[in-house]
Amino acid sequence: MPSFKIDTSTAVVFVATAPVPKLANVKTGERAMDRESGAPLSTVGLLVSDEGEGNLYQVTIPETGLPEGLQPGMPVRVVGLKARDWENEFNGQKRHGISFRAVAITAAA
């Protein structure tokens, strides 16, 4: 499925929730890995405010793209943020949504 770039150049972005490991299999605890780099993946809650509107996004980021000491409330910049729609069927129920992925986040100056 195609992904779409999200321009955050005019947005104010804050960490809403600290990074947590993304799991490929919840039952076994197997960690999700980035297909390109092989780095473990984490999910970070980001509050993105732009043009008078604020949204909370759960963004998947390779651990190599996360700065140390990331804490809720910290202002950050997002590098390479993309959105992609998804759909799957589990136990006869269709589910769908939008996933968010970024290359990295950095501390805002």
# chains A, B, ... in the order shown; residues from 1 in each chain; ligands from 1

$ residues_around --residues "Ala16 in chain A" --least-positions-apart "6" --cutoff "6 Å" --atoms "only C-alpha atoms" --output "PyMOL selection string"
chain A and resi 45-47+72

$ write_last_selection --atoms "N, CA and C atoms" --output "PDB file, in the first residue's frame"
ATOM      1  N   GLY A  45       4.102   8.171  21.545  1.00  0.00           N
ATOM      2  CA  GLY A  45       2.933   9.028  21.388  1.00  0.00           C
ATOM      3  C   GLY A  45       3.396  10.453  21.162  1.00  0.00           C
ATOM      4  N   LEU A  46       2.967  11.080  20.063  1.00  0.00           N
ATOM      5  CA  LEU A  46       3.336  12.460  19.755  1.00  0.00           C
ATOM      6  C   LEU A  46       2.083  13.321  19.632  1.00  0.00           C
ATOM      7  N   LEU A  47       2.118  14.482  20.271  1.00  0.00           N
ATOM      8  CA  LEU A  47       1.056  15.466  20.126  1.00  0.00           C
ATOM      9  C   LEU A  47       1.515  16.459  19.079  1.00  0.00           C
ATOM     10  N   PRO A  72       7.787  12.593  28.309  1.00  0.00           N
ATOM     11  CA  PRO A  72       6.558  13.312  27.974  1.00  0.00           C
ATOM     12  C   PRO A  72       6.709  14.813  28.255  1.00  0.00           C
TER      13      PRO A  72
END

$ closest_atom_pairs --of "range 22-48 of chain A" --to "range 102-106 of chain A" --cutoff "12 Å" --atoms "only C-alpha atoms" --output "JSON lines"
{"residue": "A:Asp34", "atom": "CA", "partner": "A:Val103", "partner_atom": "CA", "distance": 10.4}
{"residue": "A:Glu36", "atom": "CA", "partner": "A:Val103", "partner_atom": "CA", "distance": 11.1}
{"residue": "A:Ser37", "atom": "CA", "partner": "A:Val103", "partner_atom": "CA", "distance": 10.8}
{"residue": "A:Ala39", "atom": "CA", "partner": "A:Val103", "partner_atom": "CA", "distance": 11.4}
{"residue": "A:Leu41", "atom": "CA", "partner": "A:Ala102", "partner_atom": "CA", "distance": 10.6}
{"residue": "A:Ser42", "atom": "CA", "partner": "A:Ala102", "partner_atom": "CA", "distance": 10.6}
{"residue": "A:Thr43", "atom": "CA", "partner": "A:Ala102", "partner_atom": "CA", "distance": 10.0}
{"residue": "A:Val44", "atom": "CA", "partner": "A:Ile105", "partner_atom": "CA", "distance": 9.8}
{"residue": "A:Gly45", "atom": "CA", "partner": "A:Ile105", "partner_atom": "CA", "distance": 11.6}
{"residue": "A:Leu46", "atom": "CA", "partner": "A:Ile105", "partner_atom": "CA", "distance": 10.1}

$ residues_around --residues "Tyr57 in chain A" --least-positions-apart "2" --cutoff "12 Å" --atoms "only C-alpha atoms" --output "number ranges by chain"
A: 6, 13-17, 43-49, 54-55, 59-60, 78, 81-83, 98-102

$ atom_distance --atom1 "CA of Asn88 in chain A" --atom2 "CA of Leu56 in chain A"
22.8 Å

$ select_by_dssp --residues "range 5-103 of chain A" --states "strand (DSSP E or B)" --output "PyMOL selection string"
chain A and resi 5+12-21+23-25+30-31+33+40-50+53-62+75-79+82-90+93-101

$ atom_distance --atom1 "CA of Gly69 in chain A" --atom2 "CA of Ala18 in chain A"
9.2 Å

$ closest_residue --among "A:Phe4, A:Ala107, A:Glu53, A:Val20" --to "Arg77 in chain A" --atoms "only C-alpha atoms"
A:Ala107

$ atom_distance --atom1 "CA of Pro62 in chain A" --atom2 "CA of Asn25 in chain A"
17.1 Å

$ closest_residue --among "A:Thr8, A:Gln58, A:Lys27, A:Leu70" --to "Gly97 in chain A" --atoms "only C-alpha atoms"
A:Gln58

$ residues_around --residues "Leu23 in chain A" --least-positions-apart "4" --cutoff "6 Å" --atoms "only C-alpha atoms" --output "VMD selection string"
chain A and resid 30 to 32

$ closest_residue --among "A:Pro40, A:Met74, A:Gly80, A:Glu51" --to "Thr10 in chain A" --atoms "only C-alpha atoms"
A:Glu51

$ decode --residues "range 24-46 of chain A" --atoms "N, CA, C and O atoms" --output "PDB file, in the first residue's frame"
ATOM      1  N   ALA A  24       6.115  -7.778  17.590  1.00  0.00           N
ATOM      2  CA  ALA A  24       5.630  -8.470  16.393  1.00  0.00           C
ATOM      3  C   ALA A  24       4.632  -9.549  16.805  1.00  0.00           C
ATOM      4  O   ALA A  24       3.704  -9.856  16.070  1.00  0.00           O
ATOM      5  N   ASN A  25       4.839 -10.132  18.001  1.00  0.00           N
ATOM      6  CA  ASN A  25       3.970 -11.184  18.506  1.00  0.00           C
ATOM      7  C   ASN A  25       3.792 -10.974  20.008  1.00  0.00           C
ATOM      8  O   ASN A  25       4.731 -11.165  20.777  1.00  0.00           O
ATOM      9  N   VAL A  26       2.595 -10.595  20.402  1.00  0.00           N
ATOM     10  CA  VAL A  26       2.326 -10.300  21.807  1.00  0.00           C
ATOM     11  C   VAL A  26       2.455 -11.554  22.674  1.00  0.00           C
ATOM     12  O   VAL A  26       2.971 -11.496  23.793  1.00  0.00           O
ATOM     13  N   LYS A  27       2.021 -12.691  22.160  1.00  0.00           N
ATOM     14  CA  LYS A  27       2.063 -13.932  22.936  1.00  0.00           C
ATOM     15  C   LYS A  27       3.489 -14.358  23.271  1.00  0.00           C
ATOM     16  O   LYS A  27       3.759 -14.795  24.374  1.00  0.00           O
ATOM     17  N   THR A  28       4.398 -14.257  22.290  1.00  0.00           N
ATOM     18  CA  THR A  28       5.775 -14.712  22.515  1.00  0.00           C
ATOM     19  C   THR A  28       6.694 -13.590  22.985  1.00  0.00           C
ATOM     20  O   THR A  28       7.801 -13.849  23.434  1.00  0.00           O
ATOM     21  N   GLY A  29       6.232 -12.332  22.859  1.00  0.00           N
ATOM     22  CA  GLY A  29       7.077 -11.199  23.235  1.00  0.00           C
ATOM     23  C   GLY A  29       8.107 -10.847  22.172  1.00  0.00           C
ATOM     24  O   GLY A  29       9.004 -10.047  22.422  1.00  0.00           O
ATOM     25  N   GLU A  30       7.974 -11.457  20.979  1.00  0.00           N
ATOM     26  CA  GLU A  30       8.927 -11.191  19.901  1.00  0.00           C
ATOM     27  C   GLU A  30       8.855  -9.722  19.494  1.00  0.00           C
ATOM     28  O   GLU A  30       7.787  -9.177  19.260  1.00  0.00           O
ATOM     29  N   ARG A  31      10.005  -9.095  19.415  1.00  0.00           N
ATOM     30  CA  ARG A  31      10.124  -7.674  19.097  1.00  0.00           C
ATOM     31  C   ARG A  31       9.992  -7.424  17.596  1.00  0.00           C
ATOM     32  O   ARG A  31      10.518  -8.180  16.780  1.00  0.00           O
ATOM     33  N   ALA A  32       9.279  -6.381  17.214  1.00  0.00           N
ATOM     34  CA  ALA A  32       9.173  -5.982  15.811  1.00  0.00           C
ATOM     35  C   ALA A  32      10.481  -5.322  15.396  1.00  0.00           C
ATOM     36  O   ALA A  32      11.068  -4.538  16.155  1.00  0.00           O
ATOM     37  N   MET A  33      10.931  -5.645  14.182  1.00  0.00           N
ATOM     38  CA  MET A  33      12.197  -5.123  13.679  1.00  0.00           C
ATOM     39  C   MET A  33      11.962  -4.348  12.384  1.00  0.00           C
ATOM     40  O   MET A  33      11.075  -4.688  11.600  1.00  0.00           O
ATOM     41  N   ASP A  34      12.788  -3.330  12.158  1.00  0.00           N
ATOM     42  CA  ASP A  34      12.721  -2.557  10.923  1.00  0.00           C
ATOM     43  C   ASP A  34      13.238  -3.424   9.781  1.00  0.00           C
ATOM     44  O   ASP A  34      14.328  -3.996   9.875  1.00  0.00           O
ATOM     45  N   ARG A  35      12.463  -3.527   8.711  1.00  0.00           N
ATOM     46  CA  ARG A  35      12.848  -4.397   7.587  1.00  0.00           C
ATOM     47  C   ARG A  35      14.088  -3.899   6.868  1.00  0.00           C
ATOM     48  O   ARG A  35      14.849  -4.688   6.322  1.00  0.00           O
ATOM     49  N   GLU A  36      14.277  -2.583   6.832  1.00  0.00           N
ATOM     50  CA  GLU A  36      15.417  -2.029   6.097  1.00  0.00           C
ATOM     51  C   GLU A  36      16.712  -2.071   6.889  1.00  0.00           C
ATOM     52  O   GLU A  36      17.748  -2.481   6.382  1.00  0.00           O
ATOM     53  N   SER A  37      16.668  -1.639   8.142  1.00  0.00           N
ATOM     54  CA  SER A  37      17.903  -1.528   8.929  1.00  0.00           C
ATOM     55  C   SER A  37      18.124  -2.683   9.896  1.00  0.00           C
ATOM     56  O   SER A  37      19.234  -2.872  10.378  1.00  0.00           O
ATOM     57  N   GLY A  38      17.061  -3.420  10.213  1.00  0.00           N
ATOM     58  CA  GLY A  38      17.172  -4.488  11.199  1.00  0.00           C
ATOM     59  C   GLY A  38      17.099  -4.001  12.631  1.00  0.00           C
ATOM     60  O   GLY A  38      17.224  -4.783  13.567  1.00  0.00           O
ATOM     61  N   ALA A  39      16.908  -2.696  12.832  1.00  0.00           N
ATOM     62  CA  ALA A  39      16.841  -2.115  14.181  1.00  0.00           C
ATOM     63  C   ALA A  39      15.504  -2.445  14.840  1.00  0.00           C
ATOM     64  O   ALA A  39      14.475  -2.515  14.169  1.00  0.00           O
ATOM     65  N   PRO A  40      15.503  -2.631  16.168  1.00  0.00           N
ATOM     66  CA  PRO A  40      14.244  -2.831  16.884  1.00  0.00           C
ATOM     67  C   PRO A  40      13.355  -1.593  16.748  1.00  0.00           C
ATOM     68  O   PRO A  40      13.851  -0.468  16.674  1.00  0.00           O
ATOM     69  N   LEU A  41      12.041  -1.810  16.735  1.00  0.00           N
ATOM     70  CA  LEU A  41      11.088  -0.706  16.601  1.00  0.00           C
ATOM     71  C   LEU A  41      10.455  -0.367  17.949  1.00  0.00           C
ATOM     72  O   LEU A  41      10.250  -1.242  18.789  1.00  0.00           O
ATOM     73  N   SER A  42      10.153   0.914  18.116  1.00  0.00           N
ATOM     74  CA  SER A  42       9.434   1.395  19.294  1.00  0.00           C
ATOM     75  C   SER A  42       8.280   2.266  18.832  1.00  0.00           C
ATOM     76  O   SER A  42       8.274   2.773  17.712  1.00  0.00           O
ATOM     77  N   THR A  43       7.317   2.463  19.724  1.00  0.00           N
ATOM     78  CA  THR A  43       6.178   3.328  19.449  1.00  0.00           C
ATOM     79  C   THR A  43       6.192   4.476  20.448  1.00  0.00           C
ATOM     80  O   THR A  43       6.370   4.259  21.648  1.00  0.00           O
ATOM     81  N   VAL A  44       6.015   5.697  19.935  1.00  0.00           N
ATOM     82  CA  VAL A  44       6.026   6.907  20.749  1.00  0.00           C
ATOM     83  C   VAL A  44       4.736   7.677  20.487  1.00  0.00           C
ATOM     84  O   VAL A  44       4.322   7.820  19.331  1.00  0.00           O
ATOM     85  N   GLY A  45       4.102   8.171  21.545  1.00  0.00           N
ATOM     86  CA  GLY A  45       2.933   9.028  21.388  1.00  0.00           C
ATOM     87  C   GLY A  45       3.396  10.453  21.162  1.00  0.00           C
ATOM     88  O   GLY A  45       4.164  10.990  21.961  1.00  0.00           O
ATOM     89  N   LEU A  46       2.967  11.080  20.063  1.00  0.00           N
ATOM     90  CA  LEU A  46       3.336  12.460  19.755  1.00  0.00           C
ATOM     91  C   LEU A  46       2.083  13.321  19.632  1.00  0.00           C
ATOM     92  O   LEU A  46       1.120  12.939  18.971  1.00  0.00           O
TER      93      LEU A  46
END
